[in-house]
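Participant: If it helps, the file is called coords.cif and holds mmCIF, C-alpha atoms and all ligand atoms:
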```cif
data_target
loop_
_atom_site.label_atom_id
_atom_site.label_comp_id
_atom_site.auth_asym_id
_atom_site.auth_seq_id
_atom_site.Cartn_x
_atom_site.Cartn_y
_atom_site.Cartn_z
CA ASN D 1 0.00 0.00 0.00
CA ARG D 2 1.42 3.34 -1.08
CA ARG D 3 -0.08 5.40 1.74
CA ALA D 4 1.96 3.92 4.55
CA ALA D 5 5.17 3.71 2.57
CA ALA D 6 8.41 5.15 3.82
CA ASN D 7 7.79 5.04 7.52
CA SER D 8 11.12 6.25 8.76
CA ILE D 9 12.79 4.88 11.76
CA VAL D 10 14.08 7.59 14.01
CA ARG D 11 17.55 6.72 15.04
CA PRO D 12 17.37 5.37 18.56
CA ASP D 13 20.65 7.07 19.41
CA PHE D 14 19.22 10.46 18.49
CA LYS D 15 19.74 13.29 20.96
CA PHE D 16 19.14 16.94 20.08
CA GLU D 17 22.41 17.95 21.77
CA ASP D 18 24.35 15.78 19.34
CA LEU D 19 23.05 17.60 16.28
CA GLY D 20 25.23 20.69 16.71
CA ILE D 21 22.26 23.02 16.36
CA GLY D 22 22.43 25.89 18.83
CA GLY D 23 19.31 27.25 20.47
CA LEU D 24 16.66 25.97 18.07
CA ASP D 25 15.37 23.14 20.23
CA LYS D 26 11.81 24.46 20.28
CA GLU D 27 11.71 24.93 16.51
CA PHE D 28 13.25 21.53 15.94
CA SER D 29 10.78 19.68 18.15
CA ASP D 30 7.90 21.65 16.62
CA ILE D 31 8.92 20.64 13.11
CA PHE D 32 9.31 17.12 14.28
CA ARG D 33 5.86 16.96 15.84
CA ARG D 34 4.10 18.62 12.92
CA ALA D 35 5.96 17.02 10.05
CA PHE D 36 7.30 13.65 11.14
CA ALA D 37 5.08 12.22 13.84
CA SER D 38 3.16 10.24 11.20
CA ARG D 39 6.35 8.62 9.96
CA ILE D 40 7.16 6.99 13.26
CA LEU D 41 3.74 5.47 13.89
CA PRO D 42 3.65 1.69 13.99
CA PRO D 43 3.25 0.23 10.50
CA GLY D 44 -0.30 0.43 9.19
CA LEU D 45 -1.57 2.88 11.80
CA ALA D 46 -1.18 6.03 9.70
CA GLU D 47 -3.20 4.34 7.02
CA LYS D 48 -5.95 3.23 9.42
CA MET D 49 -6.23 6.75 10.77
CA ASN D 50 -6.24 8.15 7.26
CA ILE D 51 -3.14 10.21 8.00
CA GLN D 52 -0.99 11.24 5.08
CA HIS D 53 2.66 11.95 5.56
CA VAL D 54 3.80 15.55 5.20
CA ARG D 55 5.65 15.81 1.91
CA GLY D 56 7.05 19.28 2.20
CA ILE D 57 8.16 21.86 4.73
CA LEU D 58 9.23 25.46 4.37
CA LEU D 59 11.95 26.93 6.57
CA TYR D 60 12.10 30.70 6.35
CA GLY D 61 14.03 33.49 8.03
CA PRO D 62 17.19 35.60 7.76
CA PRO D 63 20.37 34.22 6.15
CA GLY D 64 22.86 32.20 8.16
CA THR D 65 20.45 31.16 10.91
CA GLY D 66 20.84 27.41 10.48
CA LYS D 67 18.08 26.48 8.02
CA THR D 68 20.36 24.29 5.92
CA LEU D 69 21.86 22.83 9.06
CA ILE D 70 18.40 21.86 10.37
CA ALA D 71 17.37 20.39 7.02
CA ARG D 72 20.48 18.20 6.92
CA GLN D 73 20.16 17.09 10.52
CA ILE D 74 16.49 16.15 10.00
CA GLY D 75 17.69 13.81 7.28
CA LYS D 76 20.28 12.22 9.54
CA MET D 77 17.83 11.82 12.35
CA LEU D 78 15.28 10.14 10.12
CA ASN D 79 17.88 7.85 8.62
CA ALA D 80 17.15 9.30 5.19
CA ARG D 81 19.36 9.14 2.11
CA GLU D 82 22.01 11.84 1.73
CA PRO D 83 19.84 14.85 0.77
CA LYS D 84 19.89 16.21 -2.74
CA VAL D 85 20.48 19.93 -2.64
CA ILE D 86 19.30 22.34 -5.30
CA ASN D 87 19.54 26.10 -5.36
CA GLY D 88 16.97 28.44 -6.92
CA PRO D 89 19.27 30.87 -8.77
CA GLU D 90 21.40 27.98 -10.00
CA VAL D 91 18.36 26.31 -11.56
CA LEU D 92 17.45 29.53 -13.31
CA ASN D 93 20.88 30.41 -14.59
CA LYS D 94 22.45 27.11 -15.29
CA TYR D 95 19.62 25.07 -16.55
CA VAL D 96 17.69 27.42 -18.77
CA GLY D 97 15.83 25.27 -21.22
CA GLN D 98 16.21 22.15 -19.19
CA SER D 99 14.94 23.14 -15.78
CA GLU D 100 11.95 20.80 -15.91
CA GLU D 101 14.20 17.92 -16.74
CA ASN D 102 16.42 18.88 -13.86
CA ILE D 103 13.52 18.86 -11.39
CA ARG D 104 12.31 15.57 -12.81
CA LYS D 105 15.73 14.05 -12.17
CA LEU D 106 15.66 15.18 -8.56
CA PHE D 107 12.59 13.08 -7.94
CA ALA D 108 13.56 10.15 -10.15
CA ASP D 109 15.47 8.09 -7.58
CA ALA D 110 12.67 8.31 -5.05
CA GLU D 111 10.07 7.37 -7.67
CA LYS D 112 12.10 4.41 -8.79
CA GLU D 113 12.62 3.14 -5.28
CA GLN D 114 8.97 3.56 -4.38
CA LYS D 115 7.98 1.54 -7.43
CA GLU D 116 10.45 -1.21 -6.65
CA LYS D 117 10.19 -1.42 -2.90
CA GLY D 118 6.82 0.08 -1.97
CA ASP D 119 6.49 0.14 1.80
CA GLU D 120 10.14 -0.68 2.27
CA SER D 121 11.24 2.39 0.38
CA GLY D 122 13.55 4.70 2.33
CA LEU D 123 13.05 8.43 2.77
CA HIS D 124 14.52 10.79 0.17
CA ILE D 125 15.07 14.41 1.10
CA ILE D 126 15.34 17.24 -1.39
CA ILE D 127 16.60 20.55 -0.07
CA PHE D 128 15.56 23.47 -2.26
CA ASP D 129 17.58 26.51 -1.18
CA GLU D 130 16.57 30.05 -2.19
CA LEU D 131 13.24 28.78 -3.38
CA ASP D 132 12.01 32.37 -3.81
CA ALA D 133 14.31 32.78 -6.81
CA VAL D 134 12.18 30.50 -8.96
CA CYS D 135 8.90 31.88 -7.61
CA LYS D 136 9.58 35.54 -8.32
CA GLN D 137 9.13 35.04 -11.99
CA ARG D 138 6.05 32.89 -12.01
CA GLY D 139 3.46 34.55 -14.18
CA SER D 140 5.41 37.81 -14.21
CA GLY D 141 7.20 37.24 -17.46
CA ALA D 142 10.35 38.56 -15.79
CA GLY D 143 13.79 36.95 -15.94
CA GLY D 144 14.43 37.86 -19.53
CA GLY D 145 11.10 36.37 -20.49
CA THR D 146 12.45 32.87 -20.06
CA GLY D 147 9.51 31.71 -17.96
CA VAL D 148 11.94 29.28 -16.35
CA GLY D 149 10.60 30.09 -12.89
CA ASP D 150 7.09 29.20 -14.05
CA SER D 151 8.10 25.85 -15.35
CA VAL D 152 10.18 25.00 -12.29
CA VAL D 153 7.28 25.80 -9.97
CA ASN D 154 4.82 23.93 -12.18
CA GLN D 155 7.08 20.93 -12.31
CA LEU D 156 7.47 20.96 -8.53
CA LEU D 157 3.70 21.18 -8.13
CA SER D 158 3.09 18.33 -10.47
CA LYS D 159 5.68 16.18 -8.71
CA LEU D 160 4.24 16.93 -5.27
CA ASP D 161 0.70 16.22 -6.46
CA GLY D 162 1.81 13.24 -8.52
CA VAL D 163 -0.57 10.35 -8.89
CA GLU D 164 2.22 8.14 -7.67
CA GLN D 165 1.69 9.46 -4.14
CA LEU D 166 5.33 9.89 -3.36
CA ASN D 167 5.33 9.23 0.34
CA ASN D 168 9.03 8.54 0.40
CA ILE D 169 9.84 12.14 -0.53
CA LEU D 170 10.36 15.09 1.73
CA LEU D 171 10.91 18.43 0.04
CA ILE D 172 12.45 21.08 2.29
CA GLY D 173 12.15 24.54 0.80
CA MET D 174 14.18 27.40 2.23
CA THR D 175 13.92 31.13 1.79
CA ASN D 176 14.68 34.52 3.30
CA ARG D 177 11.51 35.85 1.66
CA LYS D 178 8.44 33.82 2.54
CA ASP D 179 6.26 36.54 1.00
CA MET D 180 7.77 35.73 -2.39
CA ILE D 181 6.86 32.06 -2.32
CA ASP D 182 4.12 31.08 -4.69
CA GLU D 183 0.90 30.48 -2.73
CA ALA D 184 0.22 27.34 -4.69
CA LEU D 185 3.37 25.76 -3.27
CA LEU D 186 2.29 26.38 0.30
CA ARG D 187 -1.01 24.53 0.21
CA SER D 188 -1.89 21.33 1.97
CA GLY D 189 -0.11 18.30 0.54
CA ARG D 190 2.74 20.49 -0.70
CA LEU D 191 5.06 22.62 1.48
CA GLU D 192 2.47 22.52 4.22
CA VAL D 193 4.49 22.89 7.42
CA HIS D 194 6.03 26.35 7.74
CA MET D 195 8.62 27.21 10.33
CA GLU D 196 10.32 30.52 10.94
CA ILE D 197 13.99 30.30 11.90
CA SER D 198 14.88 33.66 13.42
CA LEU D 199 18.11 35.22 14.61
CA PRO D 200 19.27 33.50 17.79
CA ASP D 201 18.50 35.02 21.19
CA GLU D 202 21.15 35.31 23.91
CA TYR D 203 20.70 31.70 25.00
CA GLY D 204 20.90 30.52 21.39
CA ARG D 205 24.03 32.59 20.76
CA GLN D 206 25.72 31.10 23.78
CA GLN D 207 24.86 27.60 22.58
CA ILE D 208 26.22 28.37 19.10
CA LEU D 209 29.42 29.81 20.61
CA LYS D 210 29.76 26.69 22.72
CA ILE D 211 29.23 24.36 19.76
CA HIS D 212 31.73 26.12 17.52
CA THR D 213 34.44 26.43 20.21
CA SER D 214 34.08 22.93 21.61
CA LYS D 215 36.94 21.44 19.59
CA MET D 216 39.26 24.27 20.59
CA ARG D 217 38.33 23.72 24.21
CA GLU D 218 39.05 20.00 23.93
CA ASN D 219 42.43 20.72 22.36
CA GLY D 220 43.33 23.24 25.03
CA LYS D 221 43.31 26.07 22.49
CA LEU D 222 40.64 28.12 24.23
CA ALA D 223 42.04 30.17 27.10
CA SER D 224 40.15 29.99 30.37
CA ASP D 225 39.43 33.73 30.31
CA VAL D 226 37.12 33.40 27.29
CA ASP D 227 33.66 34.18 28.64
CA LEU D 228 31.05 32.77 26.28
CA ALA D 229 28.15 34.16 28.32
CA ASP D 230 29.60 37.64 27.98
CA LEU D 231 30.19 37.17 24.23
CA ALA D 232 26.60 36.00 23.82
CA LYS D 233 25.43 39.26 25.43
CA ARG D 234 27.61 41.30 23.10
CA THR D 235 26.64 39.65 19.82
CA ARG D 236 23.05 40.87 19.59
CA ASN D 237 21.64 40.53 16.07
CA PHE D 238 24.42 38.16 15.00
CA SER D 239 23.29 35.14 13.01
CA GLY D 240 24.79 31.71 13.66
CA ALA D 241 26.95 32.13 10.56
CA GLU D 242 28.20 35.51 11.83
CA ILE D 243 29.05 33.99 15.21
CA GLN D 244 31.06 31.37 13.39
CA GLY D 245 32.79 34.20 11.51
CA LEU D 246 33.60 35.95 14.79
CA ILE D 247 35.28 32.82 16.15
CA LYS D 248 37.33 32.46 12.97
CA SER D 249 38.37 36.07 13.16
CA ALA D 250 39.38 35.70 16.85
CA SER D 251 41.49 32.68 15.87
CA SER D 252 43.40 34.65 13.30
CA PHE D 253 44.01 37.47 15.78
CA ALA D 254 45.41 34.84 18.14
CA LEU D 255 47.69 33.51 15.43
CA GLN D 256 48.99 36.96 14.61
CA ARG D 257 49.61 37.65 18.27
CA HIS D 258 51.74 34.52 18.49
CA ILE D 259 53.86 35.16 15.44
CA LYS D 260 56.82 37.11 16.64
CA GLY D 261 58.86 36.71 13.51
CA GLY D 262 62.16 34.89 13.16
CA THR D 263 62.80 31.41 11.93
CA VAL D 264 60.31 28.80 10.89
CA ALA D 265 61.34 26.68 13.86
CA ALA D 266 60.64 29.54 16.24
CA LEU D 267 57.30 30.10 14.56
CA LYS D 268 56.40 26.47 15.13
CA ASP D 269 57.12 26.78 18.84
CA ASP D 270 55.05 29.93 19.01
CA VAL D 271 52.07 28.38 17.32
CA VAL D 272 52.11 25.04 19.12
CA ASN D 273 51.49 26.86 22.37
CA MET D 274 49.00 29.35 21.02
CA GLN D 275 45.65 29.89 22.69
CA ILE D 276 42.70 32.05 21.78
CA ARG D 277 42.05 34.56 24.53
CA MET D 278 39.23 36.91 25.35
CA ALA D 279 41.42 39.75 24.01
CA ASP D 280 41.30 38.10 20.56
CA PHE D 281 37.54 38.09 20.67
CA GLU D 282 37.68 41.74 21.75
CA SER D 283 39.78 42.54 18.66
CA ALA D 284 37.42 40.54 16.45
CA LEU D 285 34.42 42.42 17.82
CA LEU D 286 35.89 45.86 17.04
P1 LIG V 1 21.07 30.89 4.05
O1 LIG V 1 19.70 31.47 4.12
O2 LIG V 1 22.14 31.92 3.84
O3 LIG V 1 21.19 29.67 3.17
P2 LIG V 1 20.93 29.22 6.40
O4 LIG V 1 19.89 29.69 7.37
O5 LIG V 1 20.64 28.03 5.59
O6 LIG V 1 21.40 30.43 5.54
P3 LIG V 1 23.16 27.72 7.35
O7 LIG V 1 23.79 27.48 6.04
O8 LIG V 1 22.45 26.60 8.00
O9 LIG V 1 22.22 28.97 7.26
O10 LIG V 1 24.22 28.32 8.39
C1 LIG V 1 25.54 28.65 8.01
C2 LIG V 1 26.49 28.13 9.06
O11 LIG V 1 26.33 28.88 10.26
C3 LIG V 1 26.20 26.70 9.44
O12 LIG V 1 26.92 25.79 8.65
C4 LIG V 1 26.62 26.64 10.88
O13 LIG V 1 27.98 26.35 10.98
C5 LIG V 1 26.39 28.04 11.39
N1 LIG V 1 25.10 28.14 12.12
C6 LIG V 1 24.05 28.90 11.80
N2 LIG V 1 23.06 28.77 12.70
C7 LIG V 1 23.50 27.89 13.61
C8 LIG V 1 22.93 27.30 14.79
N3 LIG V 1 21.71 27.64 15.22
N4 LIG V 1 23.66 26.41 15.46
C9 LIG V 1 24.91 26.07 15.07
N5 LIG V 1 25.50 26.58 13.96
C10 LIG V 1 24.81 27.47 13.24
#
```
Using structure tokens, write down the structure that the file contains.
Facilitator:
Amino acid sequence: NRRAAANSIVRPDFKFEDLGIGGLDKEFSDIFRRAFASRILPPGLAEKMNIQHVRGILLYGPPGTGKTLIARQIGKMLNAREPKVINGPEVLNKYVGQSEENIRKLFADAEKEQKEKGDESGLHIIIFDELDAVCKQRGSGAGGGTGVGDSVVNQLLSKLDGVEQLNNILLIGMTNRKDMIDEALLRSGRLEVHMEISLPDEYGRQQILKIHTSKMRENGKLASDVDLADLAKRTRNFSGAEIQGLIKSASSFALQRHIKGGTVAALKDDVVNMQIRMADFESALL
């Protein structure tokens, strides 16, 4: 039976803390409840209750806030295939004239497996980044009059509505501009679960700082005066990606501080003992 196909098994070893996602625990569990609960029901139950699996979700919010990270970790948690990633502008620019074919290919593996294995078919995730890029042009005749956006959206719609009832597919659309997404894509049975991923709050920033400095701490490269709680306070409006940038920048200040010139051998000694201090973060924050 097609309906109950692709029940995923959540990895029993799954723990949110292991996913390396800072501060989005509420969003993550919300997505899970709304989009995946049906996939972990005992076999046959979803069908008896007339529940259809969610086939698409939309993650929206500012750049660098962890949307791609969440999408990838969802896949790992659900034991899905390595996600296929596609990017809106790339589809428009690179595949003019063959965009429909390109979308068709994205779905082909999942279709094939569903046909061959039915209920035993594994979950296939497609991550569609910058989805707004293909929507902007729908019906507007923009984009040099190529109409590529139109055909990409139409092809996506037809795949999601497909008679084949692709229950082994999960399409994760991502955008910074939810208002630009074609309404037709957001309806029930399509990208029906919507989740905003906002800039991290102070708690989230501290978690992100902790995640991205954990290796340095383990290796003894993070000096004990580095105060992550204080840095979290002082990085208001930073995205996760910007926090990562701050840490990188602090590391290079530390390196420069340790290079005193001289021979290569001396440099080696300098660097082996280097540590990133709060002062390096101070320099990076300036
Ligand atoms: P875009 O809209 O630009 O595609 P995005 O929201 O998909 O951005 P990601 O690509 O997931 O952002 O984030 C970029 C990088 O920033 C990640 O690879 C990760 O290292 C870091 N990052 C962002 N948010 C978080 C977070 N909440 N926890 C841990 N790392 C994060």
Participant: Once you count all atoms listed in the file, which residues end up within 9 Å of ligand LIG 1 (chain V), and could you hand them over as a PyMOL selection string?
Facilitator: chain D and resi 19-24+59-72+129-130+174-176+197-200+204-205+207-209+211-212+239-245
Participant: For the selection you just gave me, I'd like the residues written to a file as a PDB file, in the coordinates of the input, keeping C-alpha atoms.
Facilitator:
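Okay, this is what ended up in out-v7.pdb:
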```pdb
ATOM      1  CA  LEU D  19      23.050  17.600  16.280  1.00  0.00           C
ATOM      2  CA  GLY D  20      25.230  20.690  16.710  1.00  0.00           C
ATOM      3  CA  ILE D  21      22.260  23.020  16.360  1.00  0.00           C
ATOM      4  CA  GLY D  22      22.430  25.890  18.830  1.00  0.00           C
ATOM      5  CA  GLY D  23      19.310  27.250  20.470  1.00  0.00           C
ATOM      6  CA  LEU D  24      16.660  25.970  18.070  1.00  0.00           C
ATOM      7  CA  LEU D  59      11.950  26.930   6.570  1.00  0.00           C
ATOM      8  CA  TYR D  60      12.100  30.700   6.350  1.00  0.00           C
ATOM      9  CA  GLY D  61      14.030  33.490   8.030  1.00  0.00           C
ATOM     10  CA  PRO D  62      17.190  35.600   7.760  1.00  0.00           C
ATOM     11  CA  PRO D  63      20.370  34.220   6.150  1.00  0.00           C
ATOM     12  CA  GLY D  64      22.860  32.200   8.160  1.00  0.00           C
ATOM     13  CA  THR D  65      20.450  31.160  10.910  1.00  0.00           C
ATOM     14  CA  GLY D  66      20.840  27.410  10.480  1.00  0.00           C
ATOM     15  CA  LYS D  67      18.080  26.480   8.020  1.00  0.00           C
ATOM     16  CA  THR D  68      20.360  24.290   5.920  1.00  0.00           C
ATOM     17  CA  LEU D  69      21.860  22.830   9.060  1.00  0.00           C
ATOM     18  CA  ILE D  70      18.400  21.860  10.370  1.00  0.00           C
ATOM     19  CA  ALA D  71      17.370  20.390   7.020  1.00  0.00           C
ATOM     20  CA  ARG D  72      20.480  18.200   6.920  1.00  0.00           C
ATOM     21  CA  ASP D 129      17.580  26.510  -1.180  1.00  0.00           C
ATOM     22  CA  GLU D 130      16.570  30.050  -2.190  1.00  0.00           C
ATOM     23  CA  MET D 174      14.180  27.400   2.230  1.00  0.00           C
ATOM     24  CA  THR D 175      13.920  31.130   1.790  1.00  0.00           C
ATOM     25  CA  ASN D 176      14.680  34.520   3.300  1.00  0.00           C
ATOM     26  CA  ILE D 197      13.990  30.300  11.900  1.00  0.00           C
ATOM     27  CA  SER D 198      14.880  33.660  13.420  1.00  0.00           C
ATOM     28  CA  LEU D 199      18.110  35.220  14.610  1.00  0.00           C
ATOM     29  CA  PRO D 200      19.270  33.500  17.790  1.00  0.00           C
ATOM     30  CA  GLY D 204      20.900  30.520  21.390  1.00  0.00           C
ATOM     31  CA  ARG D 205      24.030  32.590  20.760  1.00  0.00           C
ATOM     32  CA  GLN D 207      24.860  27.600  22.580  1.00  0.00           C
ATOM     33  CA  ILE D 208      26.220  28.370  19.100  1.00  0.00           C
ATOM     34  CA  LEU D 209      29.420  29.810  20.610  1.00  0.00           C
ATOM     35  CA  ILE D 211      29.230  24.360  19.760  1.00  0.00           C
ATOM     36  CA  HIS D 212      31.730  26.120  17.520  1.00  0.00           C
ATOM     37  CA  SER D 239      23.290  35.140  13.010  1.00  0.00           C
ATOM     38  CA  GLY D 240      24.790  31.710  13.660  1.00  0.00           C
ATOM     39  CA  ALA D 241      26.950  32.130  10.560  1.00  0.00           C
ATOM     40  CA  GLU D 242      28.200  35.510  11.830  1.00  0.00           C
ATOM     41  CA  ILE D 243      29.050  33.990  15.210  1.00  0.00           C
ATOM     42  CA  GLN D 244      31.060  31.370  13.390  1.00  0.00           C
ATOM     43  CA  GLY D 245      32.790  34.200  11.510  1.00  0.00           C
TER      44      GLY D 245
END
```
Participant: Excluding stretch 117-128 of chain D and its own-chain neighbours fewer than 6 positions away, which residues fall within 10 Å of it when counting all atoms listed in the file? Please give them as a PDB file with C-alpha atoms, in the coordinates of the input.
Facilitator:
```pdb
ATOM      1  CA  ASN D   1       0.000   0.000   0.000  1.00  0.00           C
ATOM      2  CA  ARG D   2       1.420   3.340  -1.080  1.00  0.00           C
ATOM      3  CA  ARG D   3      -0.080   5.400   1.740  1.00  0.00           C
ATOM      4  CA  ALA D   4       1.960   3.920   4.550  1.00  0.00           C
ATOM      5  CA  ALA D   5       5.170   3.710   2.570  1.00  0.00           C
ATOM      6  CA  ALA D   6       8.410   5.150   3.820  1.00  0.00           C
ATOM      7  CA  ASN D   7       7.790   5.040   7.520  1.00  0.00           C
ATOM      8  CA  SER D   8      11.120   6.250   8.760  1.00  0.00           C
ATOM      9  CA  ILE D   9      12.790   4.880  11.760  1.00  0.00           C
ATOM     10  CA  ARG D  39       6.350   8.620   9.960  1.00  0.00           C
ATOM     11  CA  PRO D  43       3.250   0.230  10.500  1.00  0.00           C
ATOM     12  CA  ARG D  55       5.650  15.810   1.910  1.00  0.00           C
ATOM     13  CA  GLY D  56       7.050  19.280   2.200  1.00  0.00           C
ATOM     14  CA  ILE D  57       8.160  21.860   4.730  1.00  0.00           C
ATOM     15  CA  LEU D  58       9.230  25.460   4.370  1.00  0.00           C
ATOM     16  CA  THR D  68      20.360  24.290   5.920  1.00  0.00           C
ATOM     17  CA  ALA D  71      17.370  20.390   7.020  1.00  0.00           C
ATOM     18  CA  ARG D  72      20.480  18.200   6.920  1.00  0.00           C
ATOM     19  CA  ILE D  74      16.490  16.150  10.000  1.00  0.00           C
ATOM     20  CA  GLY D  75      17.690  13.810   7.280  1.00  0.00           C
ATOM     21  CA  LEU D  78      15.280  10.140  10.120  1.00  0.00           C
ATOM     22  CA  ASN D  79      17.880   7.850   8.620  1.00  0.00           C
ATOM     23  CA  ALA D  80      17.150   9.300   5.190  1.00  0.00           C
ATOM     24  CA  ARG D  81      19.360   9.140   2.110  1.00  0.00           C
ATOM     25  CA  GLU D  82      22.010  11.840   1.730  1.00  0.00           C
ATOM     26  CA  PRO D  83      19.840  14.850   0.770  1.00  0.00           C
ATOM     27  CA  LYS D  84      19.890  16.210  -2.740  1.00  0.00           C
ATOM     28  CA  VAL D  85      20.480  19.930  -2.640  1.00  0.00           C
ATOM     29  CA  ILE D  86      19.300  22.340  -5.300  1.00  0.00           C
ATOM     30  CA  ASN D  87      19.540  26.100  -5.360  1.00  0.00           C
ATOM     31  CA  GLY D  88      16.970  28.440  -6.920  1.00  0.00           C
ATOM     32  CA  LEU D 106      15.660  15.180  -8.560  1.00  0.00           C
ATOM     33  CA  PHE D 107      12.590  13.080  -7.940  1.00  0.00           C
ATOM     34  CA  ASP D 109      15.470   8.090  -7.580  1.00  0.00           C
ATOM     35  CA  ALA D 110      12.670   8.310  -5.050  1.00  0.00           C
ATOM     36  CA  GLU D 111      10.070   7.370  -7.670  1.00  0.00           C
ATOM     37  CA  LEU D 166       5.330   9.890  -3.360  1.00  0.00           C
ATOM     38  CA  ASN D 167       5.330   9.230   0.340  1.00  0.00           C
ATOM     39  CA  ASN D 168       9.030   8.540   0.400  1.00  0.00           C
ATOM     40  CA  ILE D 169       9.840  12.140  -0.530  1.00  0.00           C
ATOM     41  CA  LEU D 170      10.360  15.090   1.730  1.00  0.00           C
ATOM     42  CA  LEU D 171      10.910  18.430   0.040  1.00  0.00           C
ATOM     43  CA  ILE D 172      12.450  21.080   2.290  1.00  0.00           C
ATOM     44  CA  GLY D 173      12.150  24.540   0.800  1.00  0.00           C
ATOM     45  CA  MET D 174      14.180  27.400   2.230  1.00  0.00           C
ATOM     46  CA  THR D 175      13.920  31.130   1.790  1.00  0.00           C
TER      47      THR D 175
END
```
Participant: What is the atom CA of D:Leu41-atom CA of D:Leu186 distance in Å, reported with one decimal?
Facilitator: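 Calculated distance between atom CA of D:Leu41 and atom CA of D:Leu186 is 25.0 Å.
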Participant: Considering all atoms listed in the file, can you say which of D:Glu47, D:Val54, D:Arg277, D:Leu156 comes closest to D:Ser99?
Facilitator: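 Result for the nearest residue to D:Ser99: D:Leu156.
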Participant: Would you pick out the contacts of D:Val272 at 12 Å or less, using only C-alpha atoms, so that residues sharing its chain but fewer than 2 positions from it are not included, and give the list as a PyMOL selection string?
Facilitator: chain D and resi 219-221+254-255+258-259+265-270+274-275
Participant: To one decimal place, how far is atom CA of D:Arg177 from atom CA of D:Phe36 in Å?
Facilitator: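 If I compute the distance from atom CA of D:Arg177 to atom CA of D:Phe36, I get 24.5 Å.
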Participant: Please determine, counting all atoms listed in the file, which residue among D:Glu196, D:His53, D:Leu285, D:Ser252 has the shortest atom-to-atom distance to D:Lys26.
Facilitator: D:Glu196
Participant: Build an axis-aligned box that encloses every atom of stretch 282-285 of chain D listed in the file, pad it by 6 Å on each side, and report its centre and edge lengths in Å to one decimal, as JSON.
Facilitator:
```
{"center_x": 37.1, "center_y": 41.5, "center_z": 19.1, "size_x": 17.4, "size_y": 14.0, "size_z": 17.3}
```
Participant: Could you work out how far atom CA of D:Leu160 lies from atom CA of D:Pro89, giving the answer in Å with one decimal?
Facilitator: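 Going from atom CA of D:Pro89 over to atom CA of D:Leu160 covers 20.8 Å.
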Participant: Name the closest residue to D:Gln73 among the candidates D:Asp18, D:Ala108, D:Arg234, D:Lys48; distances are taken between atoms, counting only C-alpha atoms.
Facilitator: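 Closest residue, counting only C-alpha atoms: D:Asp18.
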Participant: Can you pull out the residues contacting D:Ser251? Cut-off 9 Å, using all atoms listed in the file, and skip same-chain residues under 2 positions away; I want them as a list in words.
Facilitator: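 Once the nearby chain positions are removed, what remains is Leu246, Ile247, Lys248, Ser249, Phe253, Ala254, Leu255, Gln256, Gln275, Ile276, Arg277, Asp280, Phe281 and Ala284 of chain D.
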Participant: With only C-alpha atoms as the atoms that count, which of D:Ser224, D:Gln98, D:Ser38, D:Thr263 lies nearest to D:Gln155?
Facilitator: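 Among the listed residues, the smallest separation from D:Gln155 belongs to D:Gln98.
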Participant: Could you get me a file of stretch 107-118 of chain D with N, CA and C atoms, as a CSV table (one decimal), in the first residue's frame, taken from the block above?
Facilitator:
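File decode20.csv, as written:
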```csv
chain,number,residue,atom,x,y,z
D,107,PHE,N,13.6,14.0,-8.5
D,107,PHE,CA,12.6,13.1,-7.9
D,107,PHE,C,12.7,11.6,-8.4
D,108,ALA,N,13.5,11.5,-9.5
D,108,ALA,CA,13.6,10.2,-10.2
D,108,ALA,C,14.0,9.0,-9.3
D,109,ASP,N,15.0,9.2,-8.4
D,109,ASP,CA,15.5,8.1,-7.6
D,109,ASP,C,14.4,7.6,-6.6
D,110,ALA,N,13.7,8.6,-6.0
D,110,ALA,CA,12.7,8.3,-5.1
D,110,ALA,C,11.5,7.6,-5.7
D,111,GLU,N,11.2,8.0,-6.9
D,111,GLU,CA,10.1,7.4,-7.7
D,111,GLU,C,10.4,5.9,-8.0
D,112,LYS,N,11.7,5.8,-8.4
D,112,LYS,CA,12.1,4.4,-8.8
D,112,LYS,C,12.1,3.5,-7.6
D,113,GLU,N,12.6,4.0,-6.5
D,113,GLU,CA,12.6,3.1,-5.3
D,113,GLU,C,11.2,2.8,-4.8
D,114,GLN,N,10.3,3.8,-4.9
D,114,GLN,CA,9.0,3.6,-4.4
D,114,GLN,C,8.3,2.5,-5.2
D,115,LYS,N,8.6,2.6,-6.5
D,115,LYS,CA,8.0,1.5,-7.4
D,115,LYS,C,8.5,0.2,-7.1
D,116,GLU,N,9.8,0.1,-6.9
D,116,GLU,CA,10.5,-1.2,-6.7
D,116,GLU,C,10.2,-1.8,-5.3
D,117,LYS,N,10.2,-0.9,-4.3
D,117,LYS,CA,10.2,-1.4,-2.9
D,117,LYS,C,8.9,-1.1,-2.1
D,118,GLY,N,8.1,-0.2,-2.7
D,118,GLY,CA,6.8,0.1,-2.0
D,118,GLY,C,7.0,0.5,-0.5
```
